[in-house]
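Student: query_2.csv is reproduced in full below (CSV, C-alpha atoms).
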```
chain,number,residue,atom,x,y,z
H,1,MET,CA,139.8,92.8,100.2
H,2,ALA,CA,140.3,90.3,97.4
H,3,VAL,CA,137.8,90.4,94.6
H,4,ILE,CA,136.1,87.1,93.7
H,5,SER,CA,135.5,86.7,90.0
H,6,ARG,CA,132.2,85.4,88.6
H,7,GLY,CA,133.9,82.1,87.7
H,8,GLU,CA,135.4,81.7,91.1
H,9,ASN,CA,132.0,82.5,92.7
H,10,GLN,CA,130.4,79.8,90.5
H,11,GLN,CA,133.0,77.3,91.5
H,12,LEU,CA,132.5,78.1,95.2
H,13,SER,CA,128.8,77.7,94.8
H,14,LYS,CA,129.3,74.4,93.0
H,15,PHE,CA,131.5,73.1,95.9
H,16,HIS,CA,129.1,74.4,98.5
H,17,ASN,CA,126.1,72.7,96.9
H,18,ARG,CA,127.8,69.4,96.5
H,19,GLY,CA,129.0,69.5,100.1
H,20,LEU,CA,125.5,70.3,101.3
H,21,ILE,CA,124.0,67.3,99.3
H,22,LEU,CA,126.7,65.0,100.7
H,23,LYS,CA,126.0,66.3,104.2
H,24,LEU,CA,122.3,65.6,103.9
H,25,ILE,CA,122.8,62.1,102.5
H,26,CYS,CA,125.3,61.2,105.2
H,27,THR,CA,123.4,62.6,108.2
H,28,ASN,CA,119.9,61.6,107.2
H,29,LYS,CA,119.3,57.9,106.8
H,30,GLY,CA,117.0,57.0,103.9
H,31,ILE,CA,116.8,60.4,102.1
H,32,THR,CA,115.5,60.7,98.6
H,33,ARG,CA,116.0,63.2,95.7
H,34,VAL,CA,112.6,64.8,96.4
H,35,GLN,CA,113.6,65.4,100.1
H,36,LEU,CA,116.9,66.9,99.0
H,37,THR,CA,115.0,69.3,96.8
H,38,GLU,CA,112.7,70.3,99.6
H,39,MET,CA,115.5,70.7,102.2
H,40,THR,CA,117.8,72.7,100.0
H,41,ASN,CA,115.5,74.8,97.8
H,42,LEU,CA,117.8,73.9,94.9
H,43,ALA,CA,116.3,73.3,91.5
H,44,LYS,CA,115.4,69.7,90.7
H,45,MET,CA,117.8,69.7,87.8
H,46,THR,CA,120.6,70.8,90.1
H,47,ILE,CA,119.9,68.0,92.5
H,48,THR,CA,119.7,65.5,89.6
H,49,ASN,CA,123.0,66.6,88.2
H,50,ILE,CA,124.8,66.5,91.6
H,51,VAL,CA,123.4,63.1,92.5
H,52,THR,CA,124.2,61.7,89.1
H,53,GLU,CA,127.8,63.0,89.4
H,54,LEU,CA,128.2,61.5,92.9
H,55,ILE,CA,126.8,58.1,91.8
H,56,ARG,CA,129.2,58.0,88.8
H,57,SER,CA,132.1,58.8,91.0
H,58,GLY,CA,131.2,55.9,93.3
H,59,VAL,CA,130.6,58.1,96.4
H,60,ILE,CA,126.9,57.4,96.7
H,61,THR,CA,124.6,54.7,95.5
H,62,GLU,CA,120.9,54.0,95.1
H,63,GLY,CA,119.3,51.9,97.7
H,64,ILE,CA,115.9,50.3,98.1
H,65,GLU,CA,112.7,52.1,97.1
H,66,LYS,CA,111.0,54.1,99.8
H,67,MET,CA,107.3,53.1,100.0
H,68,ASN,CA,105.0,55.9,98.8
H,69,ASP,CA,101.3,56.2,99.8
H,70,ASN,CA,100.7,58.5,96.8
H,71,VAL,CA,100.0,57.4,93.3
H,72,GLY,CA,103.1,57.1,91.2
H,73,ARG,CA,106.6,55.6,91.4
H,74,ASN,CA,108.2,54.9,94.8
H,75,PRO,CA,111.2,57.3,95.3
H,76,ILE,CA,114.7,55.8,95.5
H,77,ILE,CA,116.7,56.1,98.7
H,78,LEU,CA,120.3,57.5,98.3
H,79,GLU,CA,123.1,56.0,100.4
H,80,ILE,CA,126.8,56.3,100.8
H,81,SER,CA,128.6,53.7,98.8
H,82,THR,CA,130.7,51.0,100.5
H,83,LYS,CA,133.4,52.1,98.0
H,84,ALA,CA,133.4,55.7,99.2
H,85,PRO,CA,136.5,56.9,101.1
H,86,LYS,CA,136.7,56.3,104.8
H,87,VAL,CA,137.8,58.6,107.6
H,88,ILE,CA,140.3,57.9,110.5
H,89,GLY,CA,139.4,59.4,113.8
H,90,VAL,CA,141.8,59.7,116.8
H,91,GLN,CA,140.7,60.5,120.3
H,92,ILE,CA,143.3,61.4,123.0
H,93,THR,CA,142.2,61.3,126.7
H,94,ARG,CA,144.2,61.3,129.9
H,95,ASP,CA,144.2,57.5,130.0
H,96,SER,CA,144.3,56.3,126.4
H,97,CYS,CA,144.6,57.0,122.7
H,98,THR,CA,142.0,55.5,120.4
H,99,ALA,CA,141.9,55.3,116.6
H,100,VAL,CA,138.9,54.3,114.5
H,101,LEU,CA,138.1,53.8,110.9
H,102,SER,CA,134.7,55.1,110.0
H,103,ASP,CA,132.5,55.6,106.9
H,104,MET,CA,130.9,58.9,106.1
H,105,GLN,CA,127.7,57.9,108.0
H,106,LEU,CA,129.6,57.6,111.3
H,107,ASN,CA,129.6,53.8,111.2
H,108,ILE,CA,132.8,52.6,112.9
H,109,VAL,CA,134.3,49.5,111.2
H,110,GLU,CA,137.7,49.2,113.0
H,111,ARG,CA,139.0,50.3,116.4
H,112,TYR,CA,142.4,50.2,118.1
H,113,GLU,CA,143.5,51.6,121.5
H,114,GLU,CA,146.8,52.2,123.3
H,115,LYS,CA,147.0,52.9,127.1
H,116,LEU,CA,148.9,56.1,128.0
H,117,GLU,CA,151.3,56.2,130.9
H,118,ASN,CA,154.0,58.7,131.7
H,119,GLU,CA,154.1,60.0,128.2
H,120,ASN,CA,156.1,62.9,126.6
H,121,ASN,CA,155.6,64.6,123.2
H,122,GLU,CA,157.7,62.0,121.4
H,123,SER,CA,156.1,58.9,122.9
H,124,LEU,CA,152.6,60.2,122.4
H,125,LEU,CA,153.3,61.0,118.8
H,126,ASP,CA,154.7,57.5,118.4
H,127,LYS,CA,151.5,55.9,119.9
H,128,VAL,CA,149.2,58.0,117.7
H,129,SER,CA,151.3,57.0,114.6
H,130,LEU,CA,151.2,53.4,115.6
H,131,LEU,CA,147.4,53.3,115.7
H,132,ILE,CA,147.0,55.1,112.4
H,133,ARG,CA,149.4,52.7,110.8
H,134,LYS,CA,147.4,49.8,112.0
H,135,ILE,CA,144.3,51.1,110.2
H,136,LEU,CA,146.2,52.0,107.0
H,137,GLN,CA,147.4,48.4,106.8
H,138,HIS,CA,143.8,47.4,106.0
H,139,GLU,CA,142.4,50.5,104.3
H,140,GLU,CA,144.1,52.9,101.9
H,141,ASN,CA,141.1,54.8,100.6
H,142,ILE,CA,141.2,57.5,103.3
H,143,LEU,CA,139.8,61.0,102.9
H,144,GLY,CA,141.5,62.4,106.0
H,145,ILE,CA,142.4,62.1,109.7
H,146,GLY,CA,140.6,63.9,112.5
H,147,ILE,CA,142.0,64.3,116.0
H,148,SER,CA,140.2,65.3,119.1
H,149,SER,CA,142.1,65.8,122.3
H,150,ILE,CA,142.0,67.2,125.8
H,151,GLY,CA,143.9,70.4,126.3
H,152,GLN,CA,144.3,73.8,124.8
H,153,TRP,CA,144.8,74.0,121.1
H,154,ASP,CA,146.0,76.4,118.6
H,155,VAL,CA,143.7,75.0,115.9
H,156,GLU,CA,145.0,77.1,113.1
H,157,GLN,CA,148.6,75.9,113.8
H,158,GLY,CA,147.5,72.4,114.7
H,159,LEU,CA,149.4,72.8,117.9
H,160,LEU,CA,148.5,71.1,121.2
H,161,MET,CA,149.7,73.8,123.5
H,162,LYS,CA,148.9,72.7,127.1
H,163,VAL,CA,147.1,70.0,129.0
H,164,ILE,CA,146.7,70.3,132.8
H,165,ASP,CA,147.9,67.1,134.7
H,166,PHE,CA,149.0,65.4,131.5
H,167,TRP,CA,152.7,64.8,132.3
H,168,ASP,CA,154.9,67.3,130.4
H,169,ILE,CA,153.1,67.3,127.1
H,170,HIS,CA,152.9,70.8,125.6
H,171,ASP,CA,153.5,72.7,122.4
H,172,MET,CA,153.2,69.5,120.4
H,173,PRO,CA,152.9,70.0,116.6
H,174,LEU,CA,150.5,67.1,116.3
H,175,ARG,CA,148.8,68.1,113.0
H,176,ASP,CA,151.9,68.8,111.0
H,177,PHE,CA,153.7,65.7,112.3
H,178,ILE,CA,150.9,63.3,111.3
H,179,GLU,CA,150.4,65.1,107.9
H,180,GLU,CA,154.1,64.7,107.1
H,181,LYS,CA,154.2,61.1,108.2
H,182,PHE,CA,151.1,59.8,106.4
H,183,HIS,CA,150.6,62.4,103.6
H,184,LEU,CA,146.9,62.9,104.4
H,185,PRO,CA,145.0,66.0,105.4
H,186,VAL,CA,144.7,66.2,109.2
H,187,TYR,CA,142.1,68.3,111.2
H,188,VAL,CA,142.4,68.8,115.0
H,189,ASN,CA,140.2,70.2,117.7
H,190,ASN,CA,139.6,70.3,121.4
H,191,ASP,CA,137.6,67.3,122.6
H,192,MET,CA,134.6,69.4,123.7
H,193,ASN,CA,134.3,71.3,120.5
H,194,ALA,CA,134.6,68.0,118.6
H,195,SER,CA,131.8,66.5,120.7
H,196,ALA,CA,129.6,69.5,120.0
H,197,LEU,CA,130.3,69.1,116.3
H,198,ALA,CA,129.3,65.4,116.4
H,199,GLU,CA,126.1,66.3,118.1
H,200,LYS,CA,125.4,69.1,115.6
H,201,LEU,CA,126.0,66.9,112.5
H,202,TYR,CA,124.7,63.5,113.6
H,203,GLY,CA,123.1,63.8,117.1
H,204,HIS,CA,120.6,65.6,119.2
H,205,GLY,CA,122.1,68.9,118.1
H,206,GLN,CA,120.4,68.5,114.6
H,207,MET,CA,117.2,69.8,116.3
H,208,TYR,CA,118.7,73.0,117.6
H,209,HIS,CA,120.4,76.1,116.2
H,210,ASP,CA,121.9,77.0,119.5
H,211,PHE,CA,123.1,74.6,122.2
H,212,VAL,CA,125.9,73.9,124.6
H,213,TYR,CA,127.6,70.5,125.0
H,214,VAL,CA,128.8,70.0,128.5
H,215,GLY,CA,131.3,67.2,129.2
H,216,LEU,CA,132.0,66.0,132.8
H,217,THR,CA,135.5,64.5,133.1
H,218,ASN,CA,138.4,65.2,135.5
H,219,GLY,CA,137.3,68.7,134.8
H,220,ILE,CA,134.3,70.3,133.1
H,221,GLY,CA,134.4,71.6,129.6
H,222,GLY,CA,132.0,72.8,127.0
H,223,GLY,CA,131.5,73.2,123.3
H,224,ILE,CA,129.2,76.0,122.1
H,225,VAL,CA,127.1,75.9,118.9
H,226,THR,CA,125.5,79.2,118.0
H,227,ASN,CA,123.6,79.9,114.7
H,228,ASP,CA,124.4,76.3,113.7
H,229,GLU,CA,128.2,76.9,113.9
H,230,ILE,CA,130.8,75.9,116.4
H,231,TYR,CA,132.0,79.0,118.3
H,232,GLN,CA,135.7,79.0,119.1
H,233,LEU,CA,138.8,81.0,119.1
H,234,ASN,CA,142.1,80.2,117.4
H,235,ASN,CA,143.3,78.2,120.4
H,236,GLY,CA,140.2,76.0,120.0
H,237,LEU,CA,138.7,77.0,123.3
H,238,ALA,CA,135.6,79.0,124.1
H,239,GLY,CA,133.6,76.8,126.6
H,240,GLU,CA,135.6,76.7,129.9
H,241,ILE,CA,132.4,76.1,131.8
H,242,GLY,CA,134.3,74.4,134.6
H,243,HIS,CA,136.0,77.6,135.5
H,244,ILE,CA,132.8,79.6,136.1
H,245,SER,CA,132.9,80.5,139.7
H,246,ILE,CA,129.8,79.7,141.8
H,247,ASP,CA,131.4,80.8,145.1
H,248,TYR,CA,134.0,83.6,145.2
H,249,ASN,CA,134.9,82.5,148.8
H,250,GLY,CA,135.0,78.9,147.7
H,251,LYS,CA,137.8,76.3,147.2
H,252,PRO,CA,140.9,77.6,145.4
H,253,CYS,CA,141.2,76.2,141.8
H,254,ALA,CA,144.4,75.5,139.8
H,255,CYS,CA,143.4,78.2,137.4
H,256,GLY,CA,143.9,80.8,140.2
H,257,ASN,CA,140.2,81.6,140.8
H,258,ARG,CA,138.1,80.4,143.7
H,259,GLY,CA,134.9,78.4,143.8
H,260,CYS,CA,135.2,77.1,140.2
H,261,LEU,CA,132.4,74.7,139.2
H,262,GLU,CA,134.8,71.8,138.5
H,263,MET,CA,135.9,72.0,142.2
H,264,TYR,CA,132.4,70.7,143.1
H,265,ALA,CA,131.0,68.9,140.0
H,266,SER,CA,133.8,67.2,138.1
H,267,ILE,CA,133.8,63.4,138.1
H,268,PRO,CA,136.5,63.0,140.8
H,269,ARG,CA,134.8,65.5,143.1
H,270,ILE,CA,131.4,63.8,142.7
H,271,GLU,CA,133.0,60.4,143.3
H,272,GLU,CA,134.8,61.7,146.4
H,273,LYS,CA,131.5,63.1,147.9
H,274,LEU,CA,129.6,59.9,147.1
H,275,GLN,CA,132.3,57.7,148.8
H,276,GLU,CA,132.2,59.9,151.9
H,277,ALA,CA,128.4,59.7,152.0
H,278,VAL,CA,128.1,56.0,151.6
H,279,GLY,CA,131.4,54.8,153.1
H,280,GLN,CA,132.2,52.7,150.1
H,281,ARG,CA,135.0,53.1,147.5
H,282,TYR,CA,132.7,52.6,144.5
H,283,THR,CA,133.6,54.1,141.2
H,284,PHE,CA,131.5,57.0,139.7
H,285,GLN,CA,129.9,54.5,137.2
H,286,GLN,CA,129.0,52.1,140.0
H,287,PHE,CA,127.4,55.0,142.0
H,288,CYS,CA,125.3,55.9,139.0
H,289,SER,CA,123.8,52.4,138.8
H,290,ILE,CA,122.8,52.4,142.5
H,291,GLY,CA,119.0,52.7,143.1
H,292,ASN,CA,117.4,55.6,144.8
H,293,GLN,CA,119.5,55.4,148.0
H,294,GLN,CA,119.0,58.5,150.3
H,295,GLU,CA,122.7,59.3,150.7
H,296,VAL,CA,123.5,59.0,147.0
H,297,ASP,CA,120.4,61.0,146.2
H,298,GLN,CA,121.4,63.9,148.4
H,299,VAL,CA,124.9,64.1,146.8
H,300,PHE,CA,123.6,63.9,143.2
H,301,LYS,CA,121.0,66.6,143.9
H,302,SER,CA,123.6,68.8,145.6
H,303,VAL,CA,125.9,68.4,142.5
H,304,MET,CA,123.0,69.2,140.1
H,305,ASP,CA,122.2,72.3,142.1
H,306,LYS,CA,125.8,73.6,141.8
H,307,LEU,CA,125.9,72.6,138.1
H,308,SER,CA,122.6,74.5,137.5
H,309,TYR,CA,124.0,77.8,138.9
H,310,ALA,CA,126.8,77.7,136.3
H,311,LEU,CA,124.6,76.6,133.5
H,312,VAL,CA,122.1,79.3,134.2
H,313,SER,CA,124.8,81.8,133.6
H,314,VAL,CA,125.6,80.1,130.3
H,315,VAL,CA,122.0,80.1,129.3
H,316,ASN,CA,121.5,83.7,130.2
H,317,MET,CA,124.5,84.8,128.1
H,318,LEU,CA,123.8,82.6,125.1
H,319,ASN,CA,120.0,82.1,125.2
H,320,CYS,CA,120.7,78.6,124.0
H,321,GLN,CA,117.9,76.1,123.3
H,322,ALA,CA,119.4,73.0,124.8
H,323,ILE,CA,122.2,71.7,127.0
H,324,ILE,CA,123.7,68.3,126.0
H,325,LEU,CA,125.4,66.4,128.8
H,326,GLY,CA,128.1,64.0,127.8
H,327,HIS,CA,131.4,62.4,128.6
H,328,GLY,CA,131.1,61.1,132.1
H,329,GLY,CA,127.9,63.1,132.5
H,330,TYR,CA,126.1,60.6,130.3
H,331,LEU,CA,126.2,58.1,133.1
H,332,ILE,CA,124.2,60.2,135.5
H,333,PRO,CA,120.7,58.7,136.1
H,334,ASP,CA,117.8,60.3,134.2
H,335,ARG,CA,116.0,61.4,137.3
H,336,TYR,CA,118.9,63.8,138.1
H,337,ILE,CA,119.0,65.1,134.5
H,338,ARG,CA,115.3,66.0,134.9
H,339,TYR,CA,116.0,67.6,138.2
H,340,LEU,CA,118.8,69.7,136.6
H,341,GLU,CA,116.5,70.7,133.7
H,342,GLU,CA,113.8,71.9,136.1
H,343,SER,CA,116.4,73.8,138.1
H,344,VAL,CA,117.9,75.6,135.1
H,345,ASN,CA,114.5,76.6,133.8
H,346,SER,CA,113.3,77.9,137.1
H,347,LYS,CA,116.4,80.2,137.4
H,348,LYS,CA,117.0,81.5,133.9
H,349,VAL,CA,116.2,85.1,132.9
H,350,PHE,CA,114.5,84.3,129.6
H,351,LYS,CA,111.3,82.7,130.8
H,352,ARG,CA,109.9,82.2,127.3
H,353,GLY,CA,110.8,78.8,125.9
H,354,GLU,CA,112.1,75.8,127.9
H,355,VAL,CA,115.8,74.9,127.8
H,356,ARG,CA,116.1,71.1,127.3
H,357,VAL,CA,118.8,69.2,129.2
H,358,ILE,CA,119.5,65.9,127.4
H,359,LYS,CA,122.2,63.2,127.3
H,360,SER,CA,124.6,62.9,124.5
H,361,SER,CA,123.6,60.8,121.4
H,362,PHE,CA,127.0,59.1,121.6
H,363,SER,CA,126.9,57.9,125.3
H,364,ASP,CA,130.3,58.8,126.8
H,365,GLU,CA,132.2,58.7,123.4
H,366,ALA,CA,131.1,61.9,121.8
H,367,SER,CA,134.7,63.2,121.4
H,368,LEU,CA,135.7,60.0,119.6
H,369,TYR,CA,132.9,60.4,117.1
H,370,GLY,CA,133.8,64.1,117.0
H,371,SER,CA,137.2,63.3,115.8
H,372,ILE,CA,135.7,61.8,112.7
H,373,CYS,CA,133.4,64.8,112.3
H,374,CYS,CA,136.5,67.1,112.2
H,375,VAL,CA,137.1,65.7,108.8
H,376,LEU,CA,133.5,65.3,107.6
H,377,ASN,CA,132.6,68.8,108.5
H,378,VAL,CA,135.3,70.1,106.2
H,379,LEU,CA,134.0,67.9,103.4
H,380,PHE,CA,130.4,69.1,104.0
H,381,GLU,CA,131.7,72.7,103.6
H,382,GLY,CA,132.9,71.7,100.1
H,383,LYS,CA,136.6,72.0,100.9
H,384,LEU,CA,137.6,68.4,100.4
H,385,LEU,CA,135.7,67.5,97.3
H,386,GLU,CA,138.7,67.7,95.0
H,387,ASN,CA,140.5,65.2,97.3
H,388,LEU,CA,137.4,63.0,97.2
H,389,ASN,CA,137.4,63.0,93.4
H,390,GLU,CA,141.1,62.2,93.2
H,391,LEU,CA,140.6,59.2,95.5
H,392,GLN,CA,137.7,57.8,93.5
H,393,ASN,CA,139.7,58.2,90.3
H,394,GLN,CA,142.7,56.3,91.5
```
Could I get this structure in the form of C-alpha cells?

Tutor:
Amino acid sequence: MAVISRGENQQLSKFHNRGLILKLICTNKGITRVQLTEMTNLAKMTITNIVTELIRSGVITEGIEKMNDNVGRNPIILEISTKAPKVIGVQITRDSCTAVLSDMQLNIVERYEEKLENENNESLLDKVSLLIRKILQHEENILGIGISSIGQWDVEQGLLMKVIDFWDIHDMPLRDFIEEKFHLPVYVNNDMNASALAEKLYGHGQMYHDFVYVGLTNGIGGGIVTNDEIYQLNNGLAGEIGHISIDYNGKPCACGNRGCLEMYASIPRIEEKLQEAVGQRYTFQQFCSIGNQQEVDQVFKSVMDKLSYALVSVVNMLNCQAIILGHGGYLIPDRYIRYLEESVNSKKVFKRGEVRVIKSSFSDEASLYGSICCVLNVLFEGKLLENLNELQNQ
C-alpha cells in the first residue's frame, strides 16, 4: 500500500474541500457563505478562503442579497459565473445522438442532434465528432466531455463493448478516440448510471441516500445509488432490472432466461398490449395521454403489477428509500405511478418506512443531463480543479 505523505494528504483535503464547495454552489440555487458553513462543518475562515479564491479565478460570482429576517446585513448569494468553463454532454440512444453545451448548474445553452441509421463503429464515431465540433465552433472554454450511452461499458477502458439490437457496434474505443481528437478529458458511462447520477446531484435523488433509477425503453435498465454513491462494476453495469425473471415458465428472453421483466414491461411490449386492447395503432406516448379508458386502464395496471414484482425484489435486496422512474417511464400517468408505489410497499419485506415511487426530475431526458454530470461529478470530487484553474488563467 502506498504511503501518503502529510503534504499529499493536505493537498487531497484541499481539492476535496474546493470540490465540495463547488458542488454545493452548483446544485443549490441561491446558497450563501453561512449556508456553506452549516452544510460542510468547515471553519468560516476555510469557507471564506475557498470562496475568495473561486471568485478571483472567475469561476463563481456574488449575486443579489438574500433577504434576512434577522437584524444585520443580508447575506450574499453565490452563483456560478457566466465566464466559468462549460461542459459538453453527449447522449447516444438507439435512434439518435445528441450533444449539448451546459454550464455547471445544468443549464443547457446549445443543442445539436444527428439521427442514427444503419451505423457502424466508424460512422457513429464520425457523428459524435461532428456534433462536438459544432459546439466547439462557438465555445472553447470547455472543462470536459461527458458521454452517456446505451449498452455495456468497460468504464475504466472507456470502451463501448456491446449493445443489443444496435447494428454491429461493439468494442468501440469511444473515450480514447474523442480525447485524442479534441484534446479534452472525456468521461463515459452507461445511460442508466448517468441518469442516476443526474438525479443524485441535481434531481430528486438529493433527498435520498439510497435509491434506484429505473428507465423504461426498448428494454428496462437501472442505476443504483447506495450510501450516496453510484454502485457499478468496471463494465459500467449493475442494474439489469429488466432481466429479473418474474416467471420461470414465461417468455424466452434474448439473454437466455425466461420470464424476464422486459418481456412484459418494456415500452414496445406495453405499446403492443395497448394496441391489442384498444384496436388502434397509437404510440406509447399517445396511450399515456388517453383518459381513464377501461381497456387502457387494465393494461397499465397489469404492467404495474408485473413491474412491482421485480421492484420488490430490488427493494428487498437494497432496502432503498425511493424508486425514480424515468426514460419512457416518465410518460406513464400519475395514477399508475401511485398504484405501483402502493403495490411495492404492500409486498416488501421491510415494513418500516415507505418506499417512494416518483418520476424523474428530467422528464425523459435524464441520461442527456447525466452525460453532463459524468464530468461535473469528477469536478466535485476535486479531480478536475487543476484543469479548471488552467482554463481560467488562459

Student: Residues near Arg18 of chain H, anyone? I mean within 8 Å using only C-alpha atoms, not counting same-chain ones fewer than 5 positions away, as a list in words.

Tutor: Ile50, Phe380 and Gly382 of chain H

Student: From the options H:Gly328, H:Gly242, H:Gly223, H:Gly259, which residue's atoms come nearest to Glu271 of chain H, counting all atoms listed in the file?

Tutor: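 Nearest to Glu271 of chain H: H:Gly328.
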
Student: Which residue out of H:Cys288, H:Leu233, H:Leu160, H:Cys320 has the minimum interatomic distance to Asp210 of chain H when all atoms listed in the file are used?

Tutor: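 Closest candidate: H:Cys320.
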
Student: Tell me, in Å to one decimal, how far atom CA of Ile25 of chain H is from atom CA of Tyr231 of chain H.

Tutor: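 Going from atom CA of Ile25 of chain H over to atom CA of Tyr231 of chain H, I get 24.9 Å.
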
Student: Quick one: distance from atom CA of Asp305 of chain H to atom CA of Tyr339 of chain H in Å, one decimal?

Tutor: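 Distance reported for this atom pair: 8.7 Å.
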
Student: For atom CA of Ile246 of chain H and atom CA of Val355 of chain H, determine how far apart the two atoms are, in Å to one decimal place.

Tutor: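 Atom CA of Val355 of chain H lies 20.4 Å from atom CA of Ile246 of chain H.
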
Student: Taking only C-alpha atoms into account, which of H:Lys347, H:Arg338, H:Arg94, H:Lys134 comes nearest Lys115 of chain H?

Tutor: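 Closest residue, counting only C-alpha atoms: H:Arg94.
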
Student: Find the residues around Ser308 of chain H up to 8 Å (all atoms listed in the file counted), leave out those fewer than 2 positions away in its own chain, and share them as a ChimeraX atom specification.

Tutor: /H:304-306,310-312,340,343-344

Student: Counting all atoms listed in the file, which residue out of H:Glu62, H:Glu139, H:Asp126, H:Glu117 sits closest to Ile88 of chain H?

Tutor: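 The answer is H:Glu139, which sits nearest to Ile88 of chain H.
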
Student: Find the residues near Asp247 of chain H: any atom within 12 Å, counting all atoms listed in the file, skip ones fewer than 6 places away on the same chain, and give them as a PyMOL selection string.

Tutor: chain H and resi 253+257-264+306+309-310

Student: For segment 245-262 of chain H, where the input has fewer atoms than it should, I would like N, CA, C and O atoms rebuilt and written as a PDB file, in the frame of the given file.

Tutor:
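Saved as result28.pdb:
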```
ATOM      1  N   SER H 245     132.934  80.586 138.260  1.00  0.00           N
ATOM      2  CA  SER H 245     132.900  80.500 139.700  1.00  0.00           C
ATOM      3  C   SER H 245     131.493  80.595 140.237  1.00  0.00           C
ATOM      4  O   SER H 245     130.698  81.441 139.833  1.00  0.00           O
ATOM      5  N   ILE H 246     131.166  79.659 141.134  1.00  0.00           N
ATOM      6  CA  ILE H 246     129.800  79.700 141.800  1.00  0.00           C
ATOM      7  C   ILE H 246     129.944  80.082 143.239  1.00  0.00           C
ATOM      8  O   ILE H 246     128.940  80.114 143.941  1.00  0.00           O
ATOM      9  N   ASP H 247     131.179  80.402 143.683  1.00  0.00           N
ATOM     10  CA  ASP H 247     131.400  80.800 145.100  1.00  0.00           C
ATOM     11  C   ASP H 247     132.733  81.555 145.151  1.00  0.00           C
ATOM     12  O   ASP H 247     133.783  80.914 145.181  1.00  0.00           O
ATOM     13  N   TYR H 248     132.706  82.899 145.246  1.00  0.00           N
ATOM     14  CA  TYR H 248     134.000  83.600 145.200  1.00  0.00           C
ATOM     15  C   TYR H 248     134.786  83.411 146.510  1.00  0.00           C
ATOM     16  O   TYR H 248     135.968  83.737 146.571  1.00  0.00           O
ATOM     17  N   ASN H 249     134.156  82.861 147.541  1.00  0.00           N
ATOM     18  CA  ASN H 249     134.900  82.500 148.800  1.00  0.00           C
ATOM     19  C   ASN H 249     135.156  80.989 148.809  1.00  0.00           C
ATOM     20  O   ASN H 249     135.553  80.460 149.848  1.00  0.00           O
ATOM     21  N   GLY H 250     134.941  80.330 147.700  1.00  0.00           N
ATOM     22  CA  GLY H 250     135.000  78.900 147.700  1.00  0.00           C
ATOM     23  C   GLY H 250     136.436  78.328 147.591  1.00  0.00           C
ATOM     24  O   GLY H 250     137.430  79.034 147.795  1.00  0.00           O
ATOM     25  N   LYS H 251     136.511  77.039 147.223  1.00  0.00           N
ATOM     26  CA  LYS H 251     137.800  76.300 147.200  1.00  0.00           C
ATOM     27  C   LYS H 251     138.689  76.954 146.085  1.00  0.00           C
ATOM     28  O   LYS H 251     138.221  77.295 145.002  1.00  0.00           O
ATOM     29  N   PRO H 252     139.991  77.088 146.385  1.00  0.00           N
ATOM     30  CA  PRO H 252     140.900  77.600 145.400  1.00  0.00           C
ATOM     31  C   PRO H 252     141.074  76.575 144.229  1.00  0.00           C
ATOM     32  O   PRO H 252     141.148  75.370 144.461  1.00  0.00           O
ATOM     33  N   CYS H 253     141.121  77.083 143.011  1.00  0.00           N
ATOM     34  CA  CYS H 253     141.200  76.200 141.800  1.00  0.00           C
ATOM     35  C   CYS H 253     142.629  76.409 141.214  1.00  0.00           C
ATOM     36  O   CYS H 253     143.280  77.439 141.396  1.00  0.00           O
ATOM     37  N   ALA H 254     143.078  75.421 140.449  1.00  0.00           N
ATOM     38  CA  ALA H 254     144.400  75.500 139.800  1.00  0.00           C
ATOM     39  C   ALA H 254     144.498  76.629 138.815  1.00  0.00           C
ATOM     40  O   ALA H 254     145.601  77.081 138.498  1.00  0.00           O
ATOM     41  N   CYS H 255     143.353  77.135 138.356  1.00  0.00           N
ATOM     42  CA  CYS H 255     143.400  78.200 137.400  1.00  0.00           C
ATOM     43  C   CYS H 255     143.681  79.577 138.079  1.00  0.00           C
ATOM     44  O   CYS H 255     143.935  80.586 137.413  1.00  0.00           O
ATOM     45  N   GLY H 256     143.656  79.613 139.426  1.00  0.00           N
ATOM     46  CA  GLY H 256     143.900  80.800 140.200  1.00  0.00           C
ATOM     47  C   GLY H 256     142.673  81.482 140.741  1.00  0.00           C
ATOM     48  O   GLY H 256     142.754  82.402 141.565  1.00  0.00           O
ATOM     49  N   ASN H 257     141.506  81.007 140.310  1.00  0.00           N
ATOM     50  CA  ASN H 257     140.200  81.600 140.800  1.00  0.00           C
ATOM     51  C   ASN H 257     139.779  80.746 142.016  1.00  0.00           C
ATOM     52  O   ASN H 257     140.401  79.769 142.414  1.00  0.00           O
ATOM     53  N   ARG H 258     138.673  81.138 142.577  1.00  0.00           N
ATOM     54  CA  ARG H 258     138.100  80.400 143.700  1.00  0.00           C
ATOM     55  C   ARG H 258     136.656  79.982 143.348  1.00  0.00           C
ATOM     56  O   ARG H 258     135.945  80.697 142.645  1.00  0.00           O
ATOM     57  N   GLY H 259     136.265  78.841 143.899  1.00  0.00           N
ATOM     58  CA  GLY H 259     134.900  78.400 143.800  1.00  0.00           C
ATOM     59  C   GLY H 259     134.504  77.988 142.344  1.00  0.00           C
ATOM     60  O   GLY H 259     133.319  78.043 141.988  1.00  0.00           O
ATOM     61  N   CYS H 260     135.474  77.547 141.540  1.00  0.00           N
ATOM     62  CA  CYS H 260     135.200  77.100 140.200  1.00  0.00           C
ATOM     63  C   CYS H 260     134.265  75.873 140.198  1.00  0.00           C
ATOM     64  O   CYS H 260     134.403  75.003 141.063  1.00  0.00           O
ATOM     65  N   LEU H 261     133.374  75.786 139.231  1.00  0.00           N
ATOM     66  CA  LEU H 261     132.400  74.700 139.200  1.00  0.00           C
ATOM     67  C   LEU H 261     133.064  73.333 139.263  1.00  0.00           C
ATOM     68  O   LEU H 261     132.569  72.447 139.963  1.00  0.00           O
ATOM     69  N   GLU H 262     134.184  73.143 138.570  1.00  0.00           N
ATOM     70  CA  GLU H 262     134.800  71.800 138.500  1.00  0.00           C
ATOM     71  C   GLU H 262     135.367  71.391 139.886  1.00  0.00           C
ATOM     72  O   GLU H 262     135.693  70.222 140.088  1.00  0.00           O
TER      73      GLU H 262
END
```
